[in-house]
file work-v7.cif (mmCIF, C-alpha atoms)
data_model
#
loop_
_atom_site.label_atom_id
_atom_site.label_comp_id
_atom_site.auth_asym_id
_atom_site.auth_seq_id
_atom_site.Cartn_x
_atom_site.Cartn_y
_atom_site.Cartn_z
CA MET A 1 -73.59 -77.06 -12.65
CA ASN A 2 -72.78 -77.92 -16.30
CA ARG A 3 -69.64 -79.58 -17.58
CA THR A 4 -68.28 -76.34 -19.08
CA VAL A 5 -68.35 -74.58 -15.70
CA LEU A 6 -66.78 -77.58 -13.97
CA ALA A 7 -64.03 -77.74 -16.56
CA GLY A 8 -63.35 -74.02 -16.11
CA ILE A 9 -63.06 -74.40 -12.35
CA PHE A 10 -60.74 -77.38 -12.74
CA LEU A 11 -58.46 -75.54 -15.18
CA THR A 12 -58.33 -72.49 -12.91
CA MET A 13 -57.38 -74.59 -9.89
CA LEU A 14 -54.77 -76.44 -11.95
CA ALA A 15 -53.24 -73.15 -13.09
CA LEU A 16 -53.10 -71.80 -9.54
CA ALA A 17 -51.56 -75.01 -8.24
CA THR A 18 -48.94 -74.88 -11.01
CA LEU A 19 -48.16 -71.26 -10.09
CA ALA A 20 -47.74 -72.17 -6.41
CA ALA A 21 -45.46 -75.07 -7.30
CA THR A 22 -43.17 -72.90 -9.43
CA PRO A 23 -39.73 -72.67 -7.75
CA ALA A 24 -39.18 -69.41 -5.88
CA HIS A 25 -36.89 -66.93 -7.60
CA ALA A 26 -33.40 -66.71 -6.09
CA ASP A 27 -30.89 -63.91 -6.48
CA ASP A 28 -27.58 -62.82 -4.98
CA TRP A 29 -25.31 -59.78 -4.63
CA SER A 30 -21.70 -59.46 -3.47
CA LYS A 31 -19.21 -56.69 -2.85
CA THR A 32 -15.80 -56.31 -1.19
CA TYR A 33 -14.71 -53.19 0.72
CA GLN A 34 -11.00 -52.64 1.31
CA ILE A 35 -10.10 -51.40 4.82
CA SER A 36 -6.87 -49.60 5.73
CA GLY A 37 -7.41 -48.95 9.46
CA ARG A 38 -10.11 -50.02 11.95
CA ALA A 39 -13.35 -50.99 10.21
CA ASP A 40 -16.61 -49.29 11.18
CA LEU A 41 -19.52 -51.32 9.79
CA ARG A 42 -23.22 -50.48 10.00
CA VAL A 43 -25.74 -53.05 8.69
CA SER A 44 -29.53 -52.83 8.66
CA THR A 45 -32.27 -54.91 7.10
CA ASP A 46 -36.06 -54.74 7.18
CA ASP A 47 -36.47 -58.51 7.06
CA GLY A 48 -33.59 -60.96 6.95
CA ASP A 49 -30.99 -62.99 8.82
CA VAL A 50 -27.53 -61.54 9.32
CA THR A 51 -24.36 -63.59 9.88
CA ILE A 52 -21.00 -61.98 10.76
CA ILE A 53 -17.75 -63.93 10.80
CA GLY A 54 -14.50 -62.30 11.90
CA SER A 55 -11.01 -63.31 10.78
CA ASP A 56 -7.54 -61.85 10.22
CA GLN A 57 -8.29 -59.87 7.06
CA LYS A 58 -8.24 -56.23 5.96
CA GLN A 59 -11.48 -56.15 4.02
CA ILE A 60 -15.23 -56.57 4.41
CA ASP A 61 -16.80 -59.19 2.16
CA ALA A 62 -20.59 -58.73 1.89
CA HIS A 63 -22.91 -61.29 0.30
CA VAL A 64 -26.70 -61.03 0.11
CA THR A 65 -28.83 -63.94 -1.09
CA THR A 66 -32.60 -63.96 -1.55
CA GLU A 67 -35.28 -66.56 -2.15
CA GLY A 68 -38.65 -65.48 -3.51
CA TYR A 69 -37.29 -61.98 -4.16
CA LYS A 70 -35.33 -60.35 -6.94
CA ILE A 71 -32.59 -57.89 -6.04
CA SER A 72 -33.64 -54.75 -7.92
CA SER A 73 -34.89 -51.22 -7.41
CA SER A 74 -38.49 -52.49 -7.35
CA GLU A 75 -38.01 -55.45 -4.98
CA VAL A 76 -35.11 -56.02 -2.58
CA ARG A 77 -32.99 -52.86 -2.62
CA ILE A 78 -29.41 -52.77 -1.40
CA GLU A 79 -28.18 -49.32 -0.45
CA GLU A 80 -24.48 -49.22 0.37
CA SER A 81 -21.68 -46.74 0.75
CA GLN A 82 -18.08 -46.48 1.91
CA SER A 83 -16.21 -43.49 3.30
CA GLY A 84 -12.69 -44.50 4.29
CA ASP A 85 -13.05 -47.34 6.78
CA HIS A 86 -16.74 -46.57 7.42
CA VAL A 87 -19.11 -48.91 5.53
CA VAL A 88 -22.91 -48.80 5.53
CA ILE A 89 -25.08 -51.57 4.06
CA SER A 90 -28.89 -51.39 4.13
CA VAL A 91 -31.18 -54.09 2.74
CA LYS A 92 -34.76 -52.99 2.17
CA VAL A 93 -37.74 -55.15 1.20
CA PRO A 94 -41.01 -54.20 -0.55
CA HIS A 95 -43.75 -53.09 1.81
CA PHE A 96 -46.50 -54.90 -0.12
CA ASN A 97 -46.27 -58.51 -1.28
CA PHE A 98 -49.34 -60.36 -2.60
CA SER A 99 -49.74 -63.92 -3.84
CA PHE A 100 -52.86 -65.16 -5.64
CA PHE A 101 -52.47 -68.68 -4.27
CA GLY A 102 -50.95 -69.31 -0.87
CA SER A 103 -47.60 -67.78 -0.15
CA ARG A 104 -44.24 -68.82 -1.48
CA HIS A 105 -41.25 -69.10 0.79
CA LYS A 106 -39.32 -65.84 0.90
CA SER A 107 -36.07 -65.16 2.67
CA ILE A 108 -33.12 -62.79 2.77
CA LYS A 109 -29.72 -63.72 4.12
CA VAL A 110 -26.85 -61.31 4.67
CA GLU A 111 -23.40 -62.82 5.26
CA LEU A 112 -20.41 -60.68 6.15
CA HIS A 113 -16.77 -61.70 6.53
CA VAL A 114 -15.06 -58.92 8.44
CA PRO A 115 -11.78 -57.98 10.16
CA ARG A 116 -11.67 -59.46 13.64
CA GLU A 117 -11.28 -56.04 15.32
CA LEU A 118 -13.91 -53.47 14.33
CA GLU A 119 -16.83 -51.23 15.31
CA LEU A 120 -19.99 -53.17 14.47
CA ASP A 121 -23.67 -52.19 14.53
CA VAL A 122 -26.32 -54.56 13.17
CA GLU A 123 -30.06 -53.85 13.20
CA THR A 124 -32.86 -55.94 11.70
CA SER A 125 -36.60 -55.48 12.07
CA ASP A 126 -37.31 -59.21 11.69
CA GLY A 127 -34.48 -61.71 11.53
CA ASN A 128 -31.83 -63.67 13.39
CA VAL A 129 -28.32 -62.38 14.07
CA VAL A 130 -25.32 -64.72 14.31
CA ALA A 131 -21.76 -63.58 15.07
CA GLN A 132 -18.43 -65.37 15.44
CA ASN A 133 -14.97 -64.17 16.46
CA VAL A 134 -15.38 -60.39 16.41
CA ALA A 135 -14.06 -57.84 18.90
CA GLY A 136 -14.62 -54.16 19.59
CA SER A 137 -17.77 -52.14 20.09
CA VAL A 138 -20.44 -54.67 19.09
CA HIS A 139 -24.15 -53.82 18.98
CA PHE A 140 -26.92 -56.15 17.71
CA ASN A 141 -30.59 -55.21 17.74
CA THR A 142 -33.44 -57.24 16.23
CA GLY A 143 -37.14 -56.59 16.62
CA ASP A 144 -38.08 -60.25 16.24
CA GLY A 145 -35.39 -62.93 16.09
CA ASN A 146 -32.74 -64.87 17.95
CA VAL A 147 -29.21 -63.67 18.66
CA THR A 148 -26.35 -66.18 18.73
CA ALA A 149 -22.76 -65.16 19.45
CA THR A 150 -19.51 -67.10 19.80
CA GLY A 151 -16.14 -65.66 20.76
CA VAL A 152 -17.27 -62.02 20.86
CA ARG A 153 -15.06 -59.63 22.86
CA GLY A 154 -15.20 -55.98 23.89
CA ASP A 155 -18.12 -53.68 24.67
CA ILE A 156 -21.10 -55.86 23.72
CA ARG A 157 -24.80 -54.94 23.57
CA LEU A 158 -27.37 -57.47 22.37
CA HIS A 159 -31.13 -56.94 22.19
CA THR A 160 -34.13 -58.71 20.72
CA GLY A 161 -37.76 -57.74 21.13
CA ASP A 162 -38.91 -61.36 20.86
CA GLY A 163 -36.33 -64.15 20.77
CA HIS A 164 -33.61 -66.07 22.59
CA ILE A 165 -30.05 -64.89 23.18
CA THR A 166 -27.33 -67.52 23.28
CA GLY A 167 -23.63 -66.75 23.64
CA THR A 168 -20.39 -68.49 24.59
CA ASN A 169 -16.80 -67.34 25.13
CA PHE A 170 -17.69 -63.69 25.72
CA ASP A 171 -14.94 -61.46 27.07
CA GLY A 172 -15.52 -57.91 28.29
CA THR A 173 -18.70 -56.02 29.13
CA LEU A 174 -22.06 -57.50 28.16
CA ASP A 175 -25.55 -55.98 28.15
CA ALA A 176 -28.06 -58.52 26.77
CA SER A 177 -31.84 -58.17 26.90
CA THR A 178 -34.93 -59.73 25.37
CA GLY A 179 -38.57 -58.81 25.71
CA ASP A 180 -39.67 -62.44 25.52
CA GLY A 181 -37.13 -65.27 25.45
CA ASN A 182 -34.42 -67.21 27.26
CA LEU A 183 -30.82 -66.13 27.82
CA GLN A 184 -27.98 -68.66 27.91
CA ILE A 185 -24.67 -66.88 28.45
CA SER A 186 -21.09 -67.77 29.37
CA GLY A 187 -17.79 -65.89 29.38
CA ARG A 188 -15.42 -63.67 31.33
CA PHE A 189 -17.05 -60.42 32.34
CA ASP A 190 -15.99 -57.03 33.66
CA SER A 191 -19.61 -55.87 33.62
CA LEU A 192 -22.79 -57.88 33.14
CA THR A 193 -26.44 -56.98 32.57
CA LEU A 194 -28.92 -59.70 31.60
CA LYS A 195 -32.65 -59.04 31.36
CA THR A 196 -35.68 -60.88 30.01
CA GLY A 197 -39.30 -59.89 30.31
CA ASP A 198 -40.50 -63.50 30.13
CA GLY A 199 -37.95 -66.32 30.08
CA ASN A 200 -35.26 -68.24 31.91
CA ILE A 201 -31.65 -67.12 32.40
CA GLU A 202 -28.66 -69.44 32.60
CA ALA A 203 -25.41 -67.53 33.04
CA GLN A 204 -21.85 -68.56 33.76
CA ALA A 205 -19.11 -66.08 34.66
CA GLY A 206 -15.71 -67.61 34.05
CA GLY A 207 -12.44 -67.17 35.91
CA GLY A 208 -11.06 -63.65 35.91
CA SER A 209 -14.52 -62.04 36.01
CA LYS A 210 -14.76 -58.93 38.21
CA VAL A 211 -17.79 -57.27 39.79
CA ALA A 212 -16.37 -53.75 39.77
CA ASN A 213 -19.82 -52.14 39.56
CA THR A 214 -23.32 -53.60 39.81
CA TRP A 215 -24.09 -56.74 37.83
CA THR A 216 -27.80 -57.10 37.07
CA VAL A 217 -29.48 -60.42 36.24
CA ARG A 218 -33.26 -60.07 36.01
CA SER A 219 -36.23 -62.07 34.74
CA GLY A 220 -39.82 -60.86 34.85
CA ASP A 221 -41.13 -64.42 34.76
CA GLY A 222 -38.60 -67.24 34.75
CA HIS A 223 -35.94 -69.22 36.59
CA ILE A 224 -32.37 -67.97 36.99
CA THR A 225 -29.24 -70.08 37.37
CA MET A 226 -26.03 -68.13 37.96
CA ARG A 227 -22.64 -69.88 38.13
CA VAL A 228 -19.62 -67.93 39.39
CA PRO A 229 -15.98 -68.67 40.29
CA ALA A 230 -15.32 -69.69 43.89
CA ASP A 231 -13.02 -66.68 44.36
CA LEU A 232 -15.40 -64.03 42.99
CA ASN A 233 -15.73 -61.00 45.29
CA ALA A 234 -19.20 -59.44 45.39
CA ASN A 235 -22.08 -58.30 47.54
CA VAL A 236 -25.04 -60.55 46.70
CA ASP A 237 -28.58 -59.19 46.53
CA ALA A 238 -31.05 -61.87 45.42
CA HIS A 239 -34.84 -61.66 45.43
CA THR A 240 -37.75 -63.57 43.93
CA GLY A 241 -41.41 -62.61 44.08
CA ASP A 242 -42.77 -66.15 43.80
CA GLY A 243 -40.06 -68.81 44.04
CA SER A 244 -37.15 -69.97 46.15
CA ILE A 245 -33.42 -69.22 46.38
CA THR A 246 -30.78 -71.92 46.67
CA LEU A 247 -27.08 -71.26 47.31
CA ASP A 248 -24.25 -73.63 46.39
CA ILE A 249 -21.53 -71.22 47.46
CA PRO A 250 -20.68 -69.79 50.92
CA ILE A 251 -22.15 -66.35 51.59
CA THR A 252 -21.90 -64.27 54.74
CA VAL A 253 -25.53 -63.26 55.20
CA ALA A 254 -26.44 -59.79 56.45
CA GLY A 255 -29.73 -59.58 58.34
CA SER A 256 -32.42 -62.25 58.28
CA LEU A 257 -32.43 -65.13 55.81
CA SER A 258 -35.60 -66.08 53.93
CA HIS A 259 -36.45 -68.47 51.10
CA SER A 260 -37.23 -65.56 48.74
CA SER A 261 -34.60 -62.95 49.64
CA VAL A 262 -30.87 -63.09 50.36
CA HIS A 263 -28.45 -60.25 51.14
CA GLY A 264 -24.85 -61.09 51.90
CA LYS A 265 -21.18 -61.02 51.04
CA LEU A 266 -19.38 -63.38 48.70
CA ASN A 267 -15.72 -63.70 49.78
CA ALA A 268 -14.36 -60.16 50.43
CA GLY A 269 -17.43 -58.46 48.94
CA GLY A 270 -17.29 -55.72 46.34
CA GLY A 271 -19.69 -54.54 43.69
CA THR A 272 -23.28 -55.74 43.87
CA LEU A 273 -24.41 -58.93 42.14
CA SER A 274 -28.16 -58.26 41.85
CA ILE A 275 -30.30 -61.26 40.87
CA SER A 276 -34.08 -61.00 40.76
CA SER A 277 -37.07 -62.84 39.33
CA GLY A 278 -40.69 -61.81 39.47
CA ASP A 279 -41.93 -65.40 39.30
CA GLY A 280 -39.22 -68.05 39.39
CA SER A 281 -36.54 -69.73 41.46
CA ILE A 282 -32.95 -68.50 41.75
CA HIS A 283 -29.91 -70.79 41.94
CA LEU A 284 -26.46 -69.37 42.73
CA GLU A 285 -23.82 -72.00 42.11
CA LYS A 286 -20.04 -72.37 42.20
CA LEU A 287 -18.11 -73.31 39.07
#
call {"tool": "encode", "arguments": {"input": "work-v7.cif", "output": "C-alpha cells"}}
result
Amino acid sequence: MNRTVLAGIFLTMLALATLAATPAHADDWSKTYQISGRADLRVSTDDGDVTIIGSDQKQIDAHVTTEGYKISSSEVRIEESQSGDHVVISVKVPHFNFSFFGSRHKSIKVELHVPRELELDVETSDGNVVAQNVAGSVHFNTGDGNVTATGVRGDIRLHTGDGHITGTNFDGTLDASTGDGNLQISGRFDSLTLKTGDGNIEAQAGGGSKVANTWTVRSGDGHITMRVPADLNANVDAHTGDGSITLDIPITVAGSLSHSSVHGKLNAGGGTLSISSGDGSIHLEKL
C-alpha cells in the first residue's frame, strides 16, 4: 500500500473521529397554558423521559429539551393544542436516524409543572416517567422504562412493559403492573393491584387502608413481601408454586396449612387479600 493511499485513509479516519467528537446539538421549547377549572392533560412521546411536578398553580408549564435532535418539522416535532382546560402535547421523533461514525448521544426530556389536582394521562413508547405531588385520575403507560411516583393520590394506574415501578406516599386506588421488573410500593390504599411478569414485589399498606374488594399482589417469577397494619381486616389467600410462605401476623387458618398455600382470616376478615407467586417466597408481615 503506497503512502498516498495510507494518507487518504488516515485523513478519512481523522475526519470521522472529528465528526463523532462534535458536541451533540441541543434545543428546547416551552409553552404555558392557562387553566380556569380542572386541568385535563394528555401527554405522549415516541421516545423520551417525562417528569410531572404538581403544585398550587392554575397553569400548565411545558418544557421540552433535546440533545442530538433539533426541534423542527423535520426532526423532533411537537404537536400541541388547548381547548378550554383540555391540553394535549405530543412529541414525535424521526423514524430513521443514521450516523456515519458510531452514534451520538440523543435524548428528549419533557418536564411539566401542573396544578396539583387534575386529570392526567402520560404515554411514552420508550422512556421513564416521574411524577410528584399530583392528584386525580392519573394514568402512566410506558413501553420500555421505569415509573417513579411520590405523593400521588386518587385513581392511579401505572404500567410499563419493561421496567421497575417505585412509589411512595400513594393515597387512593392503585393498579400497577410491569411485564418485567420489580415493584416497590407504599401508601394508604382503598384498592390495590400489583402485578409483575418477572420480578420481586415489596409493598406496604399504611394505616387507614381498607380491603373493601379483592386486593391482588402477583408475581410470575419473584419474591413478595407484603406489610400491612395490625388492625387490617381481610381474608388472606396466599399461594406460591415453588417457594415458601412465612407469616409475621396472626391469621385464623381455614382448612389445612402448608408451606406453599395459606387460606385464612386476618382480624375480622373482609375482602380478599390475594398474594401469589409462580416461583418465589411470600412474606406477610405486620407494620
call {"tool": "residues_near_point", "arguments": {"input": "work-v7.cif", "point": "(-14.2, -41.4, 5.0)", "cutoff": "12 Å", "atoms": "all atoms listed in the file", "output": "count of residues only"}}
result
14
call {"tool": "atom_distance", "arguments": {"input": "work-v7.cif", "atom1": "atom CA of A:Ser244", "atom2": "atom CA of A:Gly161"}}
result
27.9 Å
call {"tool": "resolve_selection", "arguments": {"input": "work-v7.cif", "expression": "the PyMOL selection byres ((chain A and resi 107-112) around 7)", "output": "PDB file with C-alpha atoms, in the frame of the given file"}}
result
ATOM      1  CA  ASP A  47     -36.470 -58.510   7.060  1.00  0.00           C
ATOM      2  CA  GLY A  48     -33.590 -60.960   6.950  1.00  0.00           C
ATOM      3  CA  ASP A  49     -30.990 -62.990   8.820  1.00  0.00           C
ATOM      4  CA  VAL A  50     -27.530 -61.540   9.320  1.00  0.00           C
ATOM      5  CA  THR A  51     -24.360 -63.590   9.880  1.00  0.00           C
ATOM      6  CA  ILE A  52     -21.000 -61.980  10.760  1.00  0.00           C
ATOM      7  CA  ILE A  53     -17.750 -63.930  10.800  1.00  0.00           C
ATOM      8  CA  ILE A  60     -15.230 -56.570   4.410  1.00  0.00           C
ATOM      9  CA  ASP A  61     -16.800 -59.190   2.160  1.00  0.00           C
ATOM     10  CA  ALA A  62     -20.590 -58.730   1.890  1.00  0.00           C
ATOM     11  CA  HIS A  63     -22.910 -61.290   0.300  1.00  0.00           C
ATOM     12  CA  VAL A  64     -26.700 -61.030   0.110  1.00  0.00           C
ATOM     13  CA  THR A  65     -28.830 -63.940  -1.090  1.00  0.00           C
ATOM     14  CA  THR A  66     -32.600 -63.960  -1.550  1.00  0.00           C
ATOM     15  CA  GLU A  67     -35.280 -66.560  -2.150  1.00  0.00           C
ATOM     16  CA  GLY A  68     -38.650 -65.480  -3.510  1.00  0.00           C
ATOM     17  CA  HIS A 105     -41.250 -69.100   0.790  1.00  0.00           C
ATOM     18  CA  LYS A 106     -39.320 -65.840   0.900  1.00  0.00           C
ATOM     19  CA  HIS A 113     -16.770 -61.700   6.530  1.00  0.00           C
ATOM     20  CA  VAL A 114     -15.060 -58.920   8.440  1.00  0.00           C
TER      21      VAL A 114
END
call {"tool": "axis_aligned_box", "arguments": {"input": "work-v7.cif", "around": "stretch 171-186 of chain A", "padding_each_side": "5 Å", "output": "JSON"}}
result
{"center_x": -27.3, "center_y": -62.3, "center_z": 27.4, "size_x": 34.7, "size_y": 22.7, "size_z": 14.0}
call {"tool": "residues_around", "arguments": {"input": "work-v7.cif", "residues": "stretch 265-271 of chain A", "least_positions_apart": "3", "cutoff": "8 Å", "atoms": "all atoms listed in the file", "output": "PyMOL selection string"}}
result
chain A and resi 211-215+231-236+250-254
call {"tool": "closest_atom_pairs", "arguments": {"input": "work-v7.cif", "of": "stretch 172-266 of chain A", "to": "stretch 139-154 of chain A", "cutoff": "10 Å", "atoms": "all atoms listed in the file", "output": "tab-separated table"}}
result
residue	atom	partner	partner_atom	distance
A:Gly172	CA	A:Gly154	CA	4.8
A:Thr173	CA	A:Gly154	CA	6.3
A:Leu174	CA	A:Gly154	CA	8.2
A:Asp175	CA	A:His139	CA	9.5
A:Ala176	CA	A:Phe140	CA	9.4
A:Ser177	CA	A:Asn141	CA	9.7
A:Thr178	CA	A:Asn146	CA	9.3
A:Gly179	CA	A:Gly143	CA	9.5
A:Asp180	CA	A:Asp144	CA	9.7
A:Gly181	CA	A:Asn146	CA	8.7
A:Asn182	CA	A:Asn146	CA	9.7
A:Leu183	CA	A:Val147	CA	9.6
A:Gln184	CA	A:Thr148	CA	9.6
A:Ile185	CA	A:Ala149	CA	9.4
A:Ser186	CA	A:Thr150	CA	9.7
A:Gly187	CA	A:Gly151	CA	8.8
A:Arg188	CA	A:Arg153	CA	9.4
A:Phe189	CA	A:Arg153	CA	9.7
A:Asp190	CA	A:Gly154	CA	9.9
call {"tool": "resolve_selection", "arguments": {"input": "work-v7.cif", "expression": "the PyMOL selection byres ((chain A and resi 278-281) around 12)", "output": "ChimeraX atom specification"}}
result
/A:195-202,217-226,238-247,259-261,275-277,282-284
call {"tool": "closest_residue", "arguments": {"input": "work-v7.cif", "among": "A:Val228, A:Val129, A:Ile78, A:Leu192", "to": "A:Pro94", "atoms": "all atoms listed in the file"}}
result
A:Ile78
call {"tool": "atom_distance", "arguments": {"input": "work-v7.cif", "atom1": "atom CA of A:Leu287", "atom2": "atom CA of A:Asp248"}}
result
9.6 Å
call {"tool": "closest_residue", "arguments": {"input": "work-v7.cif", "among": "A:Ser125, A:Ser274, A:Ser44, A:Ser191", "to": "A:Ile156", "atoms": "only C-alpha atoms"}}
result
A:Ser191
call {"tool": "atom_distance", "arguments": {"input": "work-v7.cif", "atom1": "atom CA of A:His25", "atom2": "atom CA of A:Val91"}}
result
17.4 Å
call {"tool": "closest_residue", "arguments": {"input": "work-v7.cif", "among": "A:Lys31, A:Glu123, A:Gly136, A:Leu194", "to": "A:Thr166", "atoms": "only C-alpha atoms"}}
result
A:Leu194
call {"tool": "closest_residue", "arguments": {"input": "work-v7.cif", "among": "A:Asp27, A:His263, A:Gln57, A:Arg42", "to": "A:Lys70", "atoms": "all atoms listed in the file"}}
result
A:Asp27
call {"tool": "closest_residue", "arguments": {"input": "work-v7.cif", "among": "A:Thr272, A:Ser137, A:Thr45, A:Ser209", "to": "A:Asp171", "atoms": "all atoms listed in the file"}}
result
A:Ser209
